[in-house]
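*Asks:* Just passing along the structure, written as structure tokens.
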Amino acid sequence: AFTLLPLALYKLLKNVNGSYAKLMVILALISVPISFINLQNKLSVLTIIEGADYLKIYKAEELQAQVMMLLKNYNNGILIVQIFWGLWLYPFGYLVYKSGFLPKILGIFLMLGCLGYVLNVLGRIVIPEFSSYPISGYITLPASIGEIGICIWLLMVGVKNKSINHNHQN
């Protein structure tokens, strides 16, 4: 489903700046296969906990350790994909800001959201207990405000500029 979002936004924003619109789509779409591949870790957990006969040679503690390792690998995969969840927000925010038919403030929140995601990933990689710091709960807040704000704006207000609407009907 996430694949459809950047494609729909591309149709809406390509006339603002075609290069930024393409970059937005590319960065968003990169995250999709990473997310799918990362799900392998959770599927492997299910394989372990289903209790197949061939797993009976392992002690319970060994299986528990494997489950925890796979869950940690899943979290590491989420960390990798978060880079792209953040990076696509910069061109998206820039396009919103420059559009003239969407609120500039939401574009600013989206671009700040990009910075927040990247800082969050770097913080979690560099600082072992970063997720326990209060800032880690707020650092991606601009992204949430921008993303939810754009959704609400498009659902409630839509795109009012008739020339923009006319261009997108072609």
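Residue names in the structure tokens use chain letters A, B, ... in the order shown, residue numbers from 1 in each chain, and ligand numbers from 1 in the order shown.
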I'd like a table as a tab-separated table: residues in range 12-32 of chain A with an atom no more than 12 Å from range 105-127 of chain A, each row giving the shortest atom pair and its distance in Å to one decimal, only C-alpha atoms counted, sorted by chain and rising residue number.
*Replies:*
```
residue	atom	partner	partner_atom	distance
A:Met24	CA	A:Cys114	CA	11.6
A:Leu27	CA	A:Cys114	CA	11.5
A:Ala28	CA	A:Cys114	CA	11.9
```
*Asks:* Using N, CA, C and O atoms, can you write the selected residues to a file as a PDB file, in the first residue's frame?
*Replies:*
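Wrote part01.pdb, looks like this:
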```pdb
ATOM      1  N   MET A  24      11.676  12.071  -4.610  1.00  0.00           N
ATOM      2  CA  MET A  24      10.747  11.692  -3.542  1.00  0.00           C
ATOM      3  C   MET A  24      10.250  10.263  -3.747  1.00  0.00           C
ATOM      4  O   MET A  24      10.267   9.448  -2.817  1.00  0.00           O
ATOM      5  N   LEU A  27      13.209   7.586  -3.279  1.00  0.00           N
ATOM      6  CA  LEU A  27      13.582   7.377  -1.874  1.00  0.00           C
ATOM      7  C   LEU A  27      12.490   6.632  -1.110  1.00  0.00           C
ATOM      8  O   LEU A  27      12.784   5.785  -0.265  1.00  0.00           O
ATOM      9  N   ALA A  28      11.233   6.940  -1.410  1.00  0.00           N
ATOM     10  CA  ALA A  28      10.135   6.238  -0.736  1.00  0.00           C
ATOM     11  C   ALA A  28      10.081   4.779  -1.179  1.00  0.00           C
ATOM     12  O   ALA A  28       9.918   3.876  -0.348  1.00  0.00           O
TER      13      ALA A  28
END
```
*Asks:* Within 7 Å of range 7-22 of chain A, which residues of range 59-143 of chain A come that close, and what is the closest atom pair and distance in Å for each? Count only C-alpha atoms and give it as a Markdown table.
*Replies:*
```
| residue | atom | partner | partner_atom | distance |
| --- | --- | --- | --- | --- |
| A:Pro91 | CA | A:Tyr20 | CA | 5.4 |
| A:Leu95 | CA | A:Val16 | CA | 6.3 |
| A:Lys98 | CA | A:Val16 | CA | 6.8 |
| A:Ser99 | CA | A:Val16 | CA | 5.7 |
```
*Asks:* Go ahead and write the residues just picked, C-alpha atoms, as a short mmCIF file (atom, residue, chain, number, x, y, z; two decimals), in the first residue's frame.
*Replies:*
```
data_model
loop_
_atom_site.label_atom_id
_atom_site.label_comp_id
_atom_site.auth_asym_id
_atom_site.auth_seq_id
_atom_site.Cartn_x
_atom_site.Cartn_y
_atom_site.Cartn_z
CA PRO A 91 11.92 16.32 -1.31
CA LEU A 95 7.56 20.20 -2.99
CA LYS A 98 7.07 25.34 -3.09
CA SER A 99 3.67 24.15 -4.35
#
```
*Asks:* Rank nothing, just name the residue among A:Val67, A:Leu102, A:Ile83, A:Pro33 nearest to Ile152 in chain A, using only C-alpha atoms.
*Replies:*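 Smallest distance to Ile152 in chain A is found for A:Leu102.
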*Asks:* Skipping near chain neighbours, those fewer than 2 positions away, what residues fall within 10 Å of Ile78 in chain A using only C-alpha atoms, listed as a list in words?
*Replies:* Ser31, Ile34, Ser35, Asn38, Leu39, Lys72, Asn73, Tyr74, Asn75, Asn76, Ile80, Val81, Gln82, Ile83, Trp85 and Val121 of chain A
*Asks:* Would you save the residues of that selection, restricted to N, CA, C and O atoms, as a compact mmCIF listing (two decimals), in the first residue's frame?
*Replies:*
```txt
# COMPACT_ATOMS: atom_id res chain seq x y z
N SER A 31 12.40 1.99 0.28
CA SER A 31 12.06 1.42 1.59
C SER A 31 11.18 0.18 1.50
O SER A 31 11.19 -0.65 2.40
N ILE A 34 13.22 -3.19 1.24
CA ILE A 34 13.95 -3.36 2.50
C ILE A 34 12.99 -3.84 3.58
O ILE A 34 13.32 -4.76 4.35
N SER A 35 11.81 -3.26 3.63
CA SER A 35 10.81 -3.67 4.63
C SER A 35 10.38 -5.12 4.42
O SER A 35 10.23 -5.87 5.39
N ASN A 38 13.16 -7.45 5.43
CA ASN A 38 13.29 -7.42 6.88
C ASN A 38 12.24 -8.30 7.56
O ASN A 38 12.48 -8.83 8.64
N LEU A 39 11.10 -8.47 6.95
CA LEU A 39 10.06 -9.33 7.53
C LEU A 39 10.51 -10.78 7.66
O LEU A 39 9.95 -11.54 8.45
N LYS A 72 16.06 -8.75 17.34
CA LYS A 72 17.05 -7.66 17.29
C LYS A 72 17.42 -7.36 15.84
O LYS A 72 17.54 -6.19 15.45
N ASN A 73 17.58 -8.39 15.02
CA ASN A 73 17.85 -8.18 13.59
C ASN A 73 16.70 -7.43 12.92
O ASN A 73 16.94 -6.57 12.07
N TYR A 74 15.47 -7.77 13.30
CA TYR A 74 14.31 -7.06 12.76
C TYR A 74 14.39 -5.58 13.13
O TYR A 74 14.19 -4.70 12.28
N ASN A 75 14.70 -5.30 14.38
CA ASN A 75 14.82 -3.89 14.81
C ASN A 75 15.94 -3.18 14.08
O ASN A 75 15.81 -2.00 13.73
N ASN A 76 17.04 -3.88 13.81
CA ASN A 76 18.13 -3.28 13.02
C ASN A 76 17.67 -3.00 11.59
O ASN A 76 18.04 -1.98 11.01
N ILE A 80 17.49 0.59 9.47
CA ILE A 80 17.95 0.84 8.10
C ILE A 80 16.85 1.47 7.26
O ILE A 80 17.07 2.46 6.56
N VAL A 81 15.65 0.93 7.33
CA VAL A 81 14.56 1.43 6.50
C VAL A 81 14.12 2.83 6.95
O VAL A 81 13.65 3.63 6.15
N GLN A 82 14.33 3.14 8.24
CA GLN A 82 13.98 4.48 8.73
C GLN A 82 14.80 5.57 8.04
O GLN A 82 14.33 6.70 7.92
N ILE A 83 15.99 5.23 7.57
CA ILE A 83 16.78 6.21 6.83
C ILE A 83 15.98 6.68 5.61
O ILE A 83 15.86 7.88 5.36
N TRP A 85 12.67 6.24 5.18
CA TRP A 85 11.42 6.85 5.64
C TRP A 85 11.65 8.33 5.94
O TRP A 85 10.75 9.14 5.79
N VAL A 121 18.15 7.82 13.61
CA VAL A 121 18.93 6.64 13.19
C VAL A 121 20.37 6.77 13.66
O VAL A 121 20.93 5.83 14.24
```
*Asks:* Looking at A:Tyr54, A:Leu87, A:Gly149, A:Lys42, which one is nearest to Met68 in chain A, with distances taken over only C-alpha atoms?
*Replies:* A:Lys42
